[in-house]
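Dropping data22.cif in here (mmCIF, C-alpha atoms and all ligand atoms):
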data_run
#
loop_
_atom_site.label_atom_id
_atom_site.label_comp_id
_atom_site.auth_asym_id
_atom_site.auth_seq_id
_atom_site.Cartn_x
_atom_site.Cartn_y
_atom_site.Cartn_z
CA MET W 1 0.00 0.00 0.00
CA LYS W 2 1.51 3.35 -1.06
CA GLN W 3 1.43 6.21 1.41
CA ASN W 4 2.03 9.92 1.41
CA PRO W 5 5.44 10.69 3.03
CA GLN W 6 3.92 13.39 5.27
CA SER W 7 1.06 11.26 6.59
CA GLY W 8 3.58 8.39 6.89
CA LYS W 9 5.68 10.52 9.25
CA LYS W 10 2.63 11.32 11.37
CA ILE W 11 1.60 7.66 11.51
CA LEU W 12 5.13 6.69 12.56
CA GLU W 13 5.26 9.33 15.30
CA GLU W 14 1.88 8.17 16.60
CA ALA W 15 3.04 4.53 16.62
CA LYS W 16 6.24 5.49 18.45
CA ARG W 17 4.25 7.46 21.04
CA SER W 18 1.85 4.64 21.78
CA ARG W 19 4.70 2.10 21.99
CA ARG W 20 6.65 4.39 24.28
CA LEU W 21 3.69 4.85 26.61
CA ARG W 22 3.33 1.08 27.03
CA GLN W 23 7.08 0.74 27.52
CA VAL W 24 7.17 3.43 30.22
CA LEU W 25 4.36 1.61 32.06
CA PHE W 26 5.98 -1.82 31.82
CA GLY W 27 9.50 -0.44 32.38
CA SER W 28 8.34 1.30 35.57
CA ALA W 29 6.55 -1.86 36.70
CA PHE W 30 9.84 -3.69 36.19
CA LEU W 31 11.69 -1.36 38.58
CA VAL W 32 8.93 -1.70 41.18
CA LEU W 33 8.95 -5.52 40.90
CA LEU W 34 12.72 -5.72 41.10
CA ALA W 35 12.82 -3.56 44.24
CA ALA W 36 9.86 -5.42 45.81
CA GLY W 37 11.56 -8.75 45.11
CA TRP W 38 14.25 -7.88 47.66
CA PHE W 39 11.55 -7.66 50.35
CA TYR W 40 9.30 -10.50 49.20
CA SER W 41 11.30 -13.14 47.40
CA LEU W 42 8.34 -15.02 45.85
CA ILE W 43 8.10 -12.12 43.38
CA GLY W 44 11.21 -13.63 41.78
CA TYR W 45 9.00 -16.28 40.20
CA PHE W 46 7.90 -13.76 37.64
CA ILE W 47 11.13 -14.63 35.76
CA PRO W 48 10.06 -18.18 34.83
CA LEU W 49 6.58 -16.82 34.09
CA CYS W 50 8.11 -14.30 31.65
CA MET W 51 10.14 -17.10 30.08
CA VAL W 52 7.09 -19.28 29.45
CA ALA W 53 5.02 -16.32 28.19
CA GLY W 54 7.78 -14.98 25.92
CA VAL W 55 8.79 -18.26 24.34
CA GLY W 56 5.16 -19.43 24.17
CA LEU W 57 4.12 -16.30 22.29
CA ALA W 58 7.14 -16.70 19.99
CA ALA W 59 5.75 -20.02 18.77
CA VAL W 60 2.85 -18.05 17.25
CA ARG W 61 4.01 -14.47 16.75
CA GLY W 62 7.79 -14.50 16.80
CA ARG W 63 9.67 -12.27 19.24
CA LYS W 64 6.70 -9.98 19.86
CA TRP W 65 6.94 -10.36 23.64
CA CYS W 66 10.20 -8.39 23.67
CA ASN W 67 8.63 -5.36 22.00
CA TRP W 68 6.82 -3.91 25.04
CA MET W 69 5.41 -6.84 27.03
CA CYS W 70 8.82 -7.81 28.40
CA PRO W 71 9.30 -5.56 31.46
CA ARG W 72 13.07 -5.47 31.07
CA GLY W 73 12.97 -4.78 27.34
CA SER W 74 10.57 -1.92 28.06
CA PHE W 75 12.88 -0.68 30.80
CA ALA W 76 15.75 -0.68 28.27
CA ASP W 77 13.85 1.32 25.67
CA SER W 78 12.09 3.71 28.03
CA TYR W 79 14.86 4.43 30.56
CA MET W 80 18.20 3.31 29.10
CA LYS W 81 17.72 4.81 25.63
CA ALA W 82 18.16 8.31 27.07
CA ILE W 83 21.65 7.57 28.38
CA SER W 84 22.90 5.10 25.78
CA PRO W 85 25.35 6.13 23.02
CA GLU W 86 23.32 3.80 20.72
CA ARG W 87 26.39 2.36 19.01
CA ARG W 88 26.13 -0.29 16.35
CA MET W 89 25.83 -3.73 17.96
CA PRO W 90 28.53 -6.10 16.67
CA ARG W 91 27.27 -9.07 14.68
CA TRP W 92 29.15 -11.56 16.84
CA LEU W 93 27.08 -10.51 19.84
CA ARG W 94 24.01 -11.98 18.13
CA GLY W 95 25.86 -15.06 16.94
CA THR W 96 24.60 -18.50 17.91
CA MET W 97 27.79 -19.39 19.82
CA VAL W 98 27.59 -16.38 22.13
CA ARG W 99 23.86 -16.77 22.71
CA ALA W 100 24.07 -20.52 23.32
CA GLY W 101 27.00 -19.92 25.69
CA VAL W 102 24.99 -17.42 27.75
CA ILE W 103 21.99 -19.78 27.88
CA ILE W 104 24.12 -22.77 28.94
CA PHE W 105 25.94 -20.73 31.59
CA LEU W 106 22.80 -19.18 33.12
CA MET W 107 20.70 -22.36 32.93
CA SER W 108 23.47 -24.46 34.52
CA MET W 109 23.75 -21.97 37.35
CA LEU W 110 19.98 -21.87 37.76
CA THR W 111 19.67 -25.66 37.83
CA TYR W 112 22.51 -25.99 40.35
CA GLN W 113 20.95 -23.40 42.66
CA ILE W 114 17.44 -24.88 42.43
CA VAL W 115 18.80 -28.33 43.35
CA ARG W 116 20.88 -26.82 46.16
CA LEU W 117 18.03 -24.74 47.61
CA TRP W 118 15.26 -27.29 47.08
CA PRO W 119 12.55 -27.40 48.48
CA ASP W 120 12.64 -23.88 50.00
CA PRO W 121 10.44 -21.73 47.68
CA TYR W 122 11.57 -18.50 49.35
CA ALA W 123 15.27 -19.24 48.89
CA ILE W 124 14.71 -20.21 45.25
CA GLY W 125 12.64 -17.05 44.71
CA ARG W 126 15.46 -15.03 46.28
CA PHE W 127 17.90 -16.59 43.83
CA PHE W 128 15.68 -15.52 40.92
CA VAL W 129 15.71 -11.97 42.29
CA VAL W 130 19.52 -12.02 42.58
CA LEU W 131 19.81 -13.39 39.04
CA LEU W 132 17.47 -10.72 37.71
CA THR W 133 19.40 -7.99 39.53
CA VAL W 134 22.81 -9.15 38.32
CA THR W 135 21.70 -9.57 34.70
CA THR W 136 19.98 -6.17 34.83
CA VAL W 137 23.22 -4.54 36.03
CA VAL W 138 25.03 -6.23 33.12
CA GLY W 139 22.30 -4.95 30.78
CA VAL W 140 22.66 -1.40 32.14
CA PHE W 141 26.43 -1.46 31.50
CA MET W 142 25.83 -2.79 27.99
CA ALA W 143 23.38 0.06 27.44
CA LEU W 144 25.83 2.62 28.79
CA PHE W 145 28.68 1.53 26.54
CA LEU W 146 26.90 0.05 23.53
CA HIS W 147 23.15 0.16 22.97
CA GLN W 148 20.03 0.04 25.16
CA ARG W 149 18.94 -3.23 23.53
CA ALA W 150 22.39 -4.86 23.62
CA TRP W 151 21.34 -7.14 26.48
CA CYS W 152 18.37 -8.27 24.37
CA SER W 153 20.89 -9.73 21.91
CA ILE W 154 22.03 -12.28 24.47
CA CYS W 155 19.05 -12.52 26.85
CA PRO W 156 18.10 -16.22 27.15
CA ILE W 157 14.37 -15.50 26.79
CA GLY W 158 15.09 -13.33 23.75
CA SER W 159 17.42 -15.89 22.15
CA LEU W 160 15.00 -18.77 22.68
CA SER W 161 12.12 -16.65 21.35
CA SER W 162 14.23 -15.65 18.37
CA TRP W 163 14.95 -19.30 17.51
CA VAL W 164 11.45 -20.61 18.21
CA GLY W 165 9.72 -17.77 16.36
CA ARG W 166 12.19 -17.28 13.51
CA ASN W 167 9.64 -18.13 10.82
CA ARG W 168 6.51 -16.87 12.55
CA TYR W 169 4.59 -13.74 11.56
CA GLN W 170 7.31 -12.58 9.20
CA LEU W 171 7.95 -9.11 7.87
CA THR W 172 7.60 -9.09 4.08
CA MET W 173 8.52 -6.60 1.39
CA ASP W 174 7.08 -5.55 -1.92
CA LYS W 175 10.45 -5.32 -3.70
CA ASP W 176 9.08 -3.25 -6.58
CA ALA W 177 7.75 -0.60 -4.20
CA CYS W 178 10.97 -0.27 -2.19
CA ILE W 179 13.25 2.60 -3.30
CA ASP W 180 16.12 1.53 -1.04
CA CYS W 181 16.03 4.78 0.93
CA GLY W 182 17.31 3.07 4.10
CA LEU W 183 14.75 4.71 6.39
CA CYS W 184 13.60 1.37 7.80
CA VAL W 185 17.18 0.64 8.88
CA LYS W 186 17.33 3.91 10.81
CA ILE W 187 13.93 3.30 12.42
CA CYS W 188 14.45 -0.27 13.65
CA PRO W 189 14.95 -0.40 17.43
CA MET W 190 16.89 -3.67 17.06
CA GLN W 191 19.24 -2.36 14.37
CA LEU W 192 17.86 -4.78 11.80
CA ALA W 193 17.86 -3.97 8.11
CA PRO W 194 14.52 -4.73 6.39
CA SER W 195 15.97 -3.13 3.23
CA GLU W 196 18.15 -6.23 2.78
CA MET W 197 15.04 -7.94 1.43
CA LYS W 198 15.13 -5.65 -1.63
CA LYS W 199 17.98 -7.76 -3.01
CA GLY W 200 15.98 -10.89 -2.41
CA GLU W 201 17.96 -11.71 0.68
CA THR W 202 16.58 -12.83 4.00
CA MET W 203 16.84 -10.07 6.60
CA SER W 204 19.84 -10.82 8.84
CA PHE W 205 18.83 -11.91 12.35
CA LYS W 206 15.19 -11.89 11.29
CA GLY W 207 14.29 -13.90 14.41
CA ASP W 208 15.17 -10.77 16.42
CA CYS W 209 12.43 -8.73 14.77
CA LEU W 210 10.17 -7.50 17.58
CA LYS W 211 7.17 -7.11 15.26
CA CYS W 212 6.95 -3.54 16.49
CA GLY W 213 5.72 -2.45 13.07
CA LEU W 214 7.65 0.84 13.19
CA CYS W 215 9.37 0.16 9.87
CA VAL W 216 6.00 -0.73 8.32
CA LYS W 217 4.53 2.57 9.52
CA GLY W 218 7.62 4.58 8.59
CA CYS W 219 8.27 3.28 5.07
CA PRO W 220 7.44 6.16 2.70
CA LYS W 221 6.43 3.70 -0.03
CA GLY W 222 4.37 1.30 2.04
CA ALA W 223 6.70 -1.48 0.89
CA LEU W 224 6.75 -3.41 4.19
CA SER W 225 3.96 -5.39 5.78
CA PHE W 226 3.05 -8.17 8.14
CA PRO W 227 0.60 -10.94 7.21
S1 LIG M 1 11.44 -0.77 2.68
FE1 LIG M 1 10.68 1.35 2.65
S2 LIG M 1 11.90 2.43 4.21
FE2 LIG M 1 12.98 0.49 3.74
S3 LIG M 1 14.46 1.02 2.15
FE3 LIG M 1 12.60 0.32 1.10
S4 LIG M 1 11.40 2.19 0.70
FE4 LIG M 1 12.95 2.73 2.24
S1 LIG M 2 12.35 -5.00 11.45
FE1 LIG M 2 10.61 -3.55 11.61
S2 LIG M 2 9.07 -4.64 12.80
FE2 LIG M 2 11.02 -5.73 13.11
S3 LIG M 2 11.91 -4.82 14.97
FE3 LIG M 2 12.74 -3.70 13.23
S4 LIG M 2 11.34 -1.93 13.00
FE4 LIG M 2 10.29 -3.43 14.28
#
Using structure tokens, write down the structure from this file.
Ligand code: SF4
Ligand code: SF4
Amino acid sequence: MKQNPQSGKKILEEAKRSRRLRQVLFGSAFLVLLAAGWFYSLIGYFIPLCMVAGVGLAAVRGRKWCNWMCPRGSFADSYMKAISPERRMPRWLRGTMVRAGVIIFLMSMLTYQIVRLWPDPYAIGRFFVVLLTVTTVVGVFMALFLHQRAWCSICPIGSLSSWVGRNRYQLTMDKDACIDCGLCVKICPMQLAPSEMKKGETMSFKGDCLKCGLCVKGCPKGALSFP
């Protein structure tokens, strides 16, 4: 569907505003939950709940959970974006080896601690809170030196969702309509390049697409769409 560049800009700004509002809400809820977890450790169980919800949704809609439903992803976009230099994320950071390594390391530690602390639900919940705090601190440093969504490149929930949902609800392009202006590349919050599809290529790291739809709204030629 072709669109007027001016109305396209307005539509994009509106979409960004509504996404940002949801992210501020969920990002703030994340900070409240994290702080509350230190006083009431059972709150830590929201981590496995997020994992099931995120990966479960990925089986149908790809990595949509990470757009604004993930409290930490929302925290990254709503709070960390303001203080991040937003550098280009290196490709190796999203490579399978790095991601698999992070998953194996964190899951091994989690399994060891659950076995060690079993059957005390409060102690296990406390461990989840510690894990969430430590990984959030790592994510904040990655945001400060690299990009606000750099943690999302290696987050276990994000990586699993990216693999499970790689071929779900895919972004498509009308190659004849695309003028290769590169706007979609500038818009994408995950530093993906939808314009790669113009050459008939698959978009690199397409499993990391958050289905935010910003590139669809921002394309001046209406060349991008979801099913
Ligand atoms: S898909 Fe749209 S925004 Fe992206 S390069 Fe093509 S015309 Fe530009
Ligand atoms: S490719 Fe488009 S829909 Fe996917 S994350 Fe980037 S801007 Fe959002």
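For the set W:Val164, W:Leu12, W:Leu21, W:Met173, the residue with the smallest atom-to-atom gap to W:Thr202 is W:Met173, counting only C-alpha atoms.
Picture a line from atom CA of W:Ile47 to atom CA of W:Val129; it runs 8.4 Å.
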Name each residue within 8 Å of ligand LIG 2 (chain M), counting all atoms listed in the file, as a tab-separated table (two decimals) with C-alpha atoms, in the frame of the given file.
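For reference, part.tsv as written:
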chain	number	residue	atom	x	y	z
W	67	ASN	CA	8.63	-5.36	22.00
W	171	LEU	CA	7.95	-9.11	7.87
W	184	CYS	CA	13.60	1.37	7.80
W	185	VAL	CA	17.18	0.64	8.88
W	187	ILE	CA	13.93	3.30	12.42
W	188	CYS	CA	14.45	-0.27	13.65
W	189	PRO	CA	14.95	-0.40	17.43
W	190	MET	CA	16.89	-3.67	17.06
W	191	GLN	CA	19.24	-2.36	14.37
W	192	LEU	CA	17.86	-4.78	11.80
W	193	ALA	CA	17.86	-3.97	8.11
W	194	PRO	CA	14.52	-4.73	6.39
W	206	LYS	CA	15.19	-11.89	11.29
W	208	ASP	CA	15.17	-10.77	16.42
W	209	CYS	CA	12.43	-8.73	14.77
W	210	LEU	CA	10.17	-7.50	17.58
W	211	LYS	CA	7.17	-7.11	15.26
W	212	CYS	CA	6.95	-3.54	16.49
W	213	GLY	CA	5.72	-2.45	13.07
W	214	LEU	CA	7.65	0.84	13.19
W	215	CYS	CA	9.37	0.16	9.87
W	216	VAL	CA	6.00	-0.73	8.32
* To do: Kindly work out which residues sit at most 7 Å from ligand LIG 1 (chain M), using only C-alpha atoms and all ligand atoms, and give the list as number ranges by chain.
  => W: 173, 177-185, 194-195, 215, 218-224
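Neighbouring residues of stretch 80-93 of chain W at 10 Å or closer, counting all atoms listed in the file and skipping chain neighbours under 3 positions away, are W:Gly73, W:Ser74, W:Phe75, W:Ala76, W:Asp77, W:Thr96, W:Met97, W:Val98, W:Arg99, W:Gly139, W:Val140, W:Phe141, W:Met142, W:Ala143, W:Leu144, W:Phe145, W:Leu146, W:His147, W:Gln148, W:Arg149, W:Ala150, W:Trp151, W:Ser153, W:Ile154, W:Pro189, W:Met190, W:Gln191, W:Ser204, W:Phe205.
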* **Selection near stretch 110-113 of chain W, 9 Å with all atoms listed in the file, sequence-local residues under 5 positions removed, as number ranges by chain** => W: 105, 118, 124, 127-128, 131
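Of the residues listed (W:Met109, W:Gly54, W:Ser162, W:Lys217), W:Lys217 shows the shortest atom-to-atom separation from W:Lys16; distances use only C-alpha atoms.
In this model, the gap between atom CA of W:Glu201 and atom CA of W:Lys175 comes to 10.8 Å.
If only C-alpha atoms are the atoms counted, then among W:Cys70, W:Ala58, W:Met203, W:Ala53 the closest residue to W:Phe30 is W:Cys70.
As for atom CA of W:Tyr122 and atom CA of W:Val138, they are spaced 24.4 Å apart.
Distance check against W:Asn167 using all atoms listed in the file: of W:Leu49, W:Ile43, W:Val60, W:Ala35, the minimum falls on W:Val60.
Among the candidates W:Thr133, W:Ser108, W:Gln170, W:Ser225, the one nearest to W:Leu34 when counting only C-alpha atoms is W:Thr133.
Taking only C-alpha atoms into account, W:Ser18 lies nearest to W:Trp68 out of the set W:Leu117, W:Trp68, W:Leu132, W:Lys186.
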Please rebuild stretch 195-206 of chain W with N, CA and C atoms and give the result as a compact mmCIF listing (two decimals), keeping the file's coordinate frame.
# COMPACT_ATOMS: atom_id res chain seq x y z
N SER W 195 15.63 -3.44 4.63
CA SER W 195 15.97 -3.13 3.23
C SER W 195 16.79 -4.24 2.58
N GLU W 196 17.39 -5.11 3.37
CA GLU W 196 18.15 -6.23 2.78
C GLU W 196 17.26 -7.10 1.90
N MET W 197 15.96 -7.09 2.20
CA MET W 197 15.04 -7.94 1.43
C MET W 197 14.87 -7.45 0.00
N LYS W 198 15.23 -6.21 -0.26
CA LYS W 198 15.13 -5.65 -1.63
C LYS W 198 15.95 -6.48 -2.62
N LYS W 199 17.11 -6.98 -2.11
CA LYS W 199 17.98 -7.76 -3.01
C LYS W 199 17.59 -9.23 -3.01
N GLY W 200 16.44 -9.51 -2.43
CA GLY W 200 15.98 -10.89 -2.41
C GLY W 200 16.59 -11.70 -1.30
N GLU W 201 17.32 -10.99 -0.43
CA GLU W 201 17.96 -11.71 0.68
C GLU W 201 17.01 -11.80 1.87
N THR W 202 17.32 -12.75 2.75
CA THR W 202 16.58 -12.83 4.00
C THR W 202 17.17 -11.77 4.91
N MET W 203 16.33 -11.08 5.67
CA MET W 203 16.84 -10.07 6.60
C MET W 203 17.72 -10.75 7.65
N SER W 204 18.94 -10.23 7.83
CA SER W 204 19.84 -10.82 8.84
C SER W 204 19.19 -10.77 10.22
N PHE W 205 19.37 -11.80 10.98
CA PHE W 205 18.83 -11.91 12.35
C PHE W 205 17.31 -11.67 12.38
N LYS W 206 16.63 -12.18 11.38
CA LYS W 206 15.19 -11.89 11.29
C LYS W 206 14.42 -12.39 12.51
